[in-house]
Structures are given as C-alpha cells and as structure tokens.
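Structure first, commentary second.
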Amino acid sequence: MSEMFSVQIRDGRLRARPSFLGKITGPVAYGDRVAVAARRGAWWRVATQDGREGWLHQSALTSKTIQLKAGTRDVRTGATEDELALAGKGFNSQVEAAYRRRHPGLDYTRLDRMAADRVSPEQMTAFLIEGELEPEGGRQ
Amino acid sequence: MKTANRRQFLHDAVRWSMAAGGLSLAPLLIHGCQSMGEVADVATAIGTASGTISEEQAASIRKGAHAVARSFEDFTPEQEYYIGRTVGAAILDTYPAYDAAGLNRYVNLLGQTLAAASDRPETFGGYHFLVQDSDDINALSAPGGLIFLTRGMLRCCRTEDGLAALLAHEIGHVQSKDGLRAIKQARVTEALTIIGIEGARHLGGEDLAKLTQTFEDSISDITRTLIVNGYSRELERQADRTAVTLLQRVGYAPDALIDVLTVMGQRLVPGRPDFASTHPSPESRMAEVTGLIGPYSPVRRPAARQRRFDKAMAGV
C-alpha cells in the first residue's frame, strides 16, 4: 500500500511535471489526503482520493493527518499529537480577529491584496526566458 | 503623528517593552520546559515509590510534562501563516505600502521565481512581496513568506541580479523560520499547550483571551527582533548563504550580492533604526560572501533583463 500524506498548505496545486514551471492540472485543498506513488527528489507524484494524479513538492505535504473539524472521532481514534494536526488549532482566524479588535488601526486589507498576487508557471517561464536566465534543471 | 515621529515612537516603545519584558520573563526562562519534564520524572518516581500515586497516574503526568517540551518547529504552517499575517500588518504600520502596481508585480515575478527554487517553496499562504514607501534602507520578512522592502533599499540595487540577491536573503529567513525562532521559548510552550489535541476549533472566552495575549506577545518578540535588535550574526550569515544558493539555482550572478552590499556600505547611516542597526556591517558580510563565491567578477547585464529592471524602477 502506498504511503498517505496530507496537504498542509491552503491552496495546493497539482502539476503535470515535477517542477514549479510545470502546468497546473488541478487544485488540492488543505487537509486533503493523497497517496504517494513515486518520488523524484523533493517532488512527489501523488494520487488524490477522487482519482486525480499529479506532482507536488514535498514541502506542501505532511505525514500527519490534518483534522479539519474537531469532534470527528474516526481519524482521532488512537492518534497521538505526532500523527495528527488539528486545523484551526491555536493561532487561527479567531485569535487574529480578537487581536484586530485590540488594534483597530492595523491595516490587513493591504495584506490581503498583497497575498492575492500569484505568479503562474507560464508567467514564470516567460520571465526566465525574457531575462535570459538559465535555471539549474533548465526551463522545463 | 508624522511618519518619522511615529516610527521613532514605535522604536522607543519596542525598546522599552523589551526592557520590561526581559525582566518579567527571566524566571520563566530559567525554568524552561525541558526541566519541567525532568522535574516530573523525579516527582513521579517519588510519588510511586511512596504509594501516593499509581504507576498509571505517574505515566500520565510524565507524558503531560514531556509533551510541553516543544519548539517553534511545532507550529503548523497554518499557525505560522497567522503569525506572519499580523507581523506583516505591524511591518506595514512601520512603513506604508508603495502602491506602484507595475513595480510590485515585477518584484513578485522575481521574488516568487526565487522562492520556487528554495528548499521550502511551499508555505501555507505562499510567498508575496511588497515595496514600502520609505527612504530608510530596510527589508523585512514575516513568517510564512510575506516579504517587504523599502524604496530606499531598492535604490541600493543597480541590476535585477542585485534585487534578486536582496529578495533571496529575505527568502532565506523565511525558509529557516527565523521569525518563529525569535519567539521566546516560554511563549512557544504556552501557545502550544493552551489547547491540547482535544481542544475545540472554537475557543471559549477565557482560552481565547489567554491565547490572544500569547499571540500578541509572540508578535512583539518577532517585530522587536526584526525592527530593533536584528537576528544573530549566524542567522544573517545563513540567510546570505541561502541567497547565494538561490541566485545560482535560478541563474543570477551571486556577485550581485557584493554589489548591493557595497552600495549599502556607502549609504547606511550608523545608528539609524534600519538595516544599519539590525544587520552585521556590509563589509563583514562581503567578506563572508566572498569566502563562499570566490573573487568578485562584474555582473553581466543582458539587455532585456536590464531594460525591465530599469522600467520597473522608474520613479523609485
């Protein structure tokens, strides 16, 4: 049986090739369980539970089970803290909201706009080509 | 309050709170979490030997005590993200954003391309970059990948390779979680134990208040380090090493880091609350970097690369 991992980032993206320059073939969400079918360095080929396949960088994955909601007993049975991460535990949106009430002058809307700026693989490739940049491993 | 005055005020406030916080935290630091585990071992041994507690109870107490021996590495990427957002908000409070859409887009193209080549390319919310409207020479990174640099810092760059060197240094701090390392151990322990594994997703009033205070204190630890004290020399050395690696991986000349440090050496004013007071001197960093990359060779300037750099920098 292949090893199972969980997506530990908010907006994971499956890629057609083991590279950030690889085309994005679909999303994976925080907490999704994936089976690792092959590894090429830090890039792992994974299969989602709904049957999709693609490459993810290992930094997007954890061996822990990420439990999205408290109280769902099935994944928690017998699990220790080393095996399980509770999403939303500790410093979370609720704590941020409480902090913001204490500091109403802080501007989070500019941060939200900043975080919306994402570079696609196609834009990254075009940037490298235009700049005559030859990354290790090539532009593929 | 004028920006400059407010900055000085923040600076002073942070220094003051550092002095106060340092005193009150001292006992907590002495009785760090490692020793709590050891104390529990001794106490439970005495307890079981004297028959006061059962072996089962002792095991449970020992487990609990050792469970708190945790480090900043135990923050999940999601928690790192929430810490980083508020540190980012504090950084934006120090210097406002410089809203030049073309420039910020260019810095993101460059920065996100470099981050993709790092050893930790995926963080919970990803790497994002923003220019700040200040003549101070400063660049700051919040945990999780929110990276800021001032117009004054941009002016120290003559080439895209130089700007890449600056951004790669900041990515190095994010990759090594240097921001999280700045949180005092006692607070890390507190934060990670307020809610155990059985904790609810929604916190009750008292727990929320406690956790919010710990959050606030953790943010102060980080911003104090970023804005006032700086990281240790070793962490800066490590960030420069990562910068050299990233530049080489993407195809930039690592010598560009020397170029930028040279300009910084000419422009930094000793004592100013920017890179001058939070980083080792440019001269000492140059010596270290030269040790890594060998003798300096001038940075090549391919026409299209230099053109897009000059275009983005117009008005800076």
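Following the order of the structure tokens, chains are lettered A, B, ..., residues in each are numbered from 1, and ligands are numbered from 1.
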
message: Just want the 12 Å neighbourhood of Gly271 (chain B), counted on only C-alpha atoms, with same-chain residues fewer than 5 positions away dropped. Output as number ranges by chain.
response: B: 228-229, 276-279, 281

Each residue of chain A lying at most 8 Å from chain B should get a row with its shortest atom-to-atom pair and the distance in Å to one decimal, counting only C-alpha atoms; could you produce that, ordered by chain and increasing number, as a Markdown table?
```
| residue | atom | partner | partner_atom | distance |
| --- | --- | --- | --- | --- |
| A:Gln8 | CA | B:Phe124 | CA | 6.8 |
| A:Ile9 | CA | B:Phe124 | CA | 4.0 |
| A:Arg10 | CA | B:Phe124 | CA | 5.3 |
| A:Asp11 | CA | B:Gly125 | CA | 7.5 |
| A:Phe20 | CA | B:Ala116 | CA | 6.5 |
| A:His57 | CA | B:Glu122 | CA | 7.3 |
| A:Ser59 | CA | B:Glu122 | CA | 5.4 |
| A:Ala60 | CA | B:Glu122 | CA | 5.4 |
| A:Lys69 | CA | B:Arg201 | CA | 6.7 |
| A:Ala70 | CA | B:Ala200 | CA | 5.7 |
| A:Gly71 | CA | B:Ala200 | CA | 7.8 |
| A:Glu81 | CA | B:Ile197 | CA | 6.3 |
| A:Ala85 | CA | B:Thr76 | CA | 7.7 |
| A:Leu86 | CA | B:Ile197 | CA | 7.1 |
| A:Ala87 | CA | B:Glu78 | CA | 7.6 |
| A:Gly88 | CA | B:Arg201 | CA | 6.0 |
| A:Lys89 | CA | B:Arg201 | CA | 6.0 |
| A:Gly90 | CA | B:Ile195 | CA | 6.6 |
| A:Phe91 | CA | B:Gln79 | CA | 5.2 |
| A:Asn92 | CA | B:Tyr82 | CA | 6.1 |
| A:Ser93 | CA | B:Tyr82 | CA | 7.3 |
| A:Gln94 | CA | B:His202 | CA | 7.7 |
| A:Val95 | CA | B:Thr212 | CA | 5.5 |
| A:Glu96 | CA | B:Tyr82 | CA | 7.1 |
| A:Ala98 | CA | B:Thr212 | CA | 6.6 |
| A:Tyr99 | CA | B:Thr212 | CA | 6.2 |
| A:Leu106 | CA | B:Ala89 | CA | 6.0 |
| A:Asp107 | CA | B:Ala89 | CA | 6.0 |
| A:Tyr108 | CA | B:Ala89 | CA | 6.0 |
| A:Arg110 | CA | B:Ala97 | CA | 7.9 |
| A:Leu111 | CA | B:Ala89 | CA | 6.9 |
| A:Met114 | CA | B:His128 | CA | 6.4 |
| A:Ala115 | CA | B:His128 | CA | 5.8 |
| A:Asp117 | CA | B:His128 | CA | 6.8 |
| A:Arg118 | CA | B:His128 | CA | 7.6 |
| A:Val119 | CA | B:Leu109 | CA | 6.2 |
| A:Gln123 | CA | B:Leu109 | CA | 7.8 |
| A:Met124 | CA | B:Thr113 | CA | 6.3 |
| A:Phe127 | CA | B:Leu109 | CA | 7.3 |
| A:Glu130 | CA | B:Ala304 | CA | 6.5 |
| A:Gly131 | CA | B:Arg305 | CA | 4.5 |
| A:Glu132 | CA | B:Pro302 | CA | 7.1 |
| A:Leu133 | CA | B:Gly251 | CA | 5.2 |
| A:Glu134 | CA | B:Gly251 | CA | 5.1 |
| A:Pro135 | CA | B:Val250 | CA | 4.1 |
| A:Glu136 | CA | B:Arg249 | CA | 5.1 |
```

Restricting it to C-alpha atoms, dump the selection as a short mmCIF file (atom, residue, chain, number, x, y, z; two decimals), in the first residue's frame.
```
data_model
loop_
_atom_site.label_atom_id
_atom_site.label_comp_id
_atom_site.auth_asym_id
_atom_site.auth_seq_id
_atom_site.Cartn_x
_atom_site.Cartn_y
_atom_site.Cartn_z
CA GLN A 8 -0.58 21.22 4.68
CA ILE A 9 -0.96 24.41 2.61
CA ARG A 10 -4.07 26.42 1.80
CA ASP A 11 -4.15 26.23 -2.00
CA PHE A 20 7.13 24.81 -10.47
CA HIS A 57 6.60 19.49 -3.80
CA SER A 59 7.04 20.99 1.42
CA ALA A 60 3.30 21.03 0.65
CA LYS A 69 -13.10 19.84 12.31
CA ALA A 70 -12.96 18.96 15.97
CA GLY A 71 -15.16 16.10 17.08
CA GLU A 81 -0.29 14.55 18.57
CA ALA A 85 -2.77 18.16 13.40
CA LEU A 86 -5.99 19.91 14.21
CA ALA A 87 -6.72 22.56 11.60
CA GLY A 88 -7.62 25.89 13.11
CA LYS A 89 -5.98 24.96 16.40
CA GLY A 90 -4.09 27.59 18.34
CA PHE A 91 -3.26 30.76 16.43
CA ASN A 92 -6.16 30.94 14.00
CA SER A 93 -8.61 33.34 12.39
CA GLN A 94 -10.48 33.67 15.68
CA VAL A 95 -7.32 34.76 17.50
CA GLU A 96 -6.47 37.13 14.65
CA ALA A 98 -9.56 39.11 18.68
CA TYR A 99 -6.13 40.71 18.13
CA LEU A 106 -3.72 47.89 11.71
CA ASP A 107 -4.39 47.51 8.01
CA TYR A 108 -4.99 43.91 6.95
CA ARG A 110 -3.44 45.76 2.07
CA LEU A 111 -2.03 42.41 3.21
CA MET A 114 -0.56 41.56 -1.36
CA ALA A 115 -1.38 37.87 -0.85
CA ASP A 117 -0.54 38.37 -6.25
CA ARG A 118 0.39 34.94 -7.58
CA VAL A 119 2.69 34.09 -10.46
CA GLN A 123 4.41 33.76 -16.36
CA MET A 124 7.44 32.37 -14.51
CA PHE A 127 10.09 35.82 -17.07
CA GLU A 130 12.97 37.18 -21.32
CA GLY A 131 15.69 37.66 -18.69
CA GLU A 132 17.98 35.10 -20.37
CA LEU A 133 18.02 33.13 -17.17
CA GLU A 134 19.10 29.50 -17.24
CA PRO A 135 17.99 27.86 -14.00
CA GLU A 136 19.58 24.64 -12.79
#
```

- prompt: Hey, what's within 7 Å of Gly84 (chain B) if we count only C-alpha atoms and toss same-chain stuff fewer than 5 positions away? As a list in words, please?
  reply: Ala142, Pro143, Gly144 and Leu146 of chain B

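Nearest to Val174 (chain B) of all the residues B:Glu236, B:Asp217, B:Asp259, B:Glu283 is B:Glu236, based on only C-alpha atoms.
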
task: Write down as a count of residues only the residues of region 66-305 of chain B whose backbone DSSP state falls under helix (DSSP H, G or I).
output: 148

- prompt: Which residues come within 9 Å of Arg17 (chain A), counting only C-alpha atoms, excluding same-chain residues fewer than 5 positions away, as a PyMOL selection string?
  reply: chain A and resi 22-24+45+54-55+140

Grab the residues selected above and save them as a CSV table (one decimal), in the first residue's frame with N, CA and C atoms.
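Contents of part17.csv, as written:
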```
chain,number,residue,atom,x,y,z
A,22,GLY,N,6.0,23.5,-14.2
A,22,GLY,CA,5.0,22.6,-14.8
A,22,GLY,C,3.6,23.1,-14.8
A,23,LYS,N,2.8,22.8,-15.8
A,23,LYS,CA,1.4,23.3,-15.9
A,23,LYS,C,0.6,22.8,-14.7
A,24,ILE,N,-0.2,23.6,-14.2
A,24,ILE,CA,-1.1,23.3,-13.1
A,24,ILE,C,-2.3,22.5,-13.6
A,45,ARG,N,5.0,12.3,-6.8
A,45,ARG,CA,3.8,12.1,-7.6
A,45,ARG,C,2.7,11.5,-6.7
A,54,GLY,N,-0.9,13.8,-10.0
A,54,GLY,CA,-0.1,15.0,-10.4
A,54,GLY,C,1.1,15.1,-9.4
A,55,TRP,N,2.0,16.1,-9.6
A,55,TRP,CA,3.2,16.3,-8.8
A,55,TRP,C,3.0,17.4,-7.8
A,140,GLN,N,12.4,23.7,-18.3
A,140,GLN,CA,11.3,22.7,-18.4
A,140,GLN,C,10.9,22.2,-17.1
```

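When only C-alpha atoms are used to measure the gap to Pro254 (chain B), the shortest distance among B:Asp161, B:Glu73, B:Glu170, B:Asp133 belongs to B:Asp161.
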
- prompt: Could you pull out the strand (DSSP E) residues of region 18-89 of chain A from DSSP and send them as a ChimeraX atom specification?
  reply: /A:24-29,33-40,43-48,53-57,61-62,65-67,84-86

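Each of A:Gln67, A:Thr125, A:Thr25, A:Thr62 was compared to Glu3 (chain A) using only C-alpha atoms, and A:Thr62 turns out to be the nearest.
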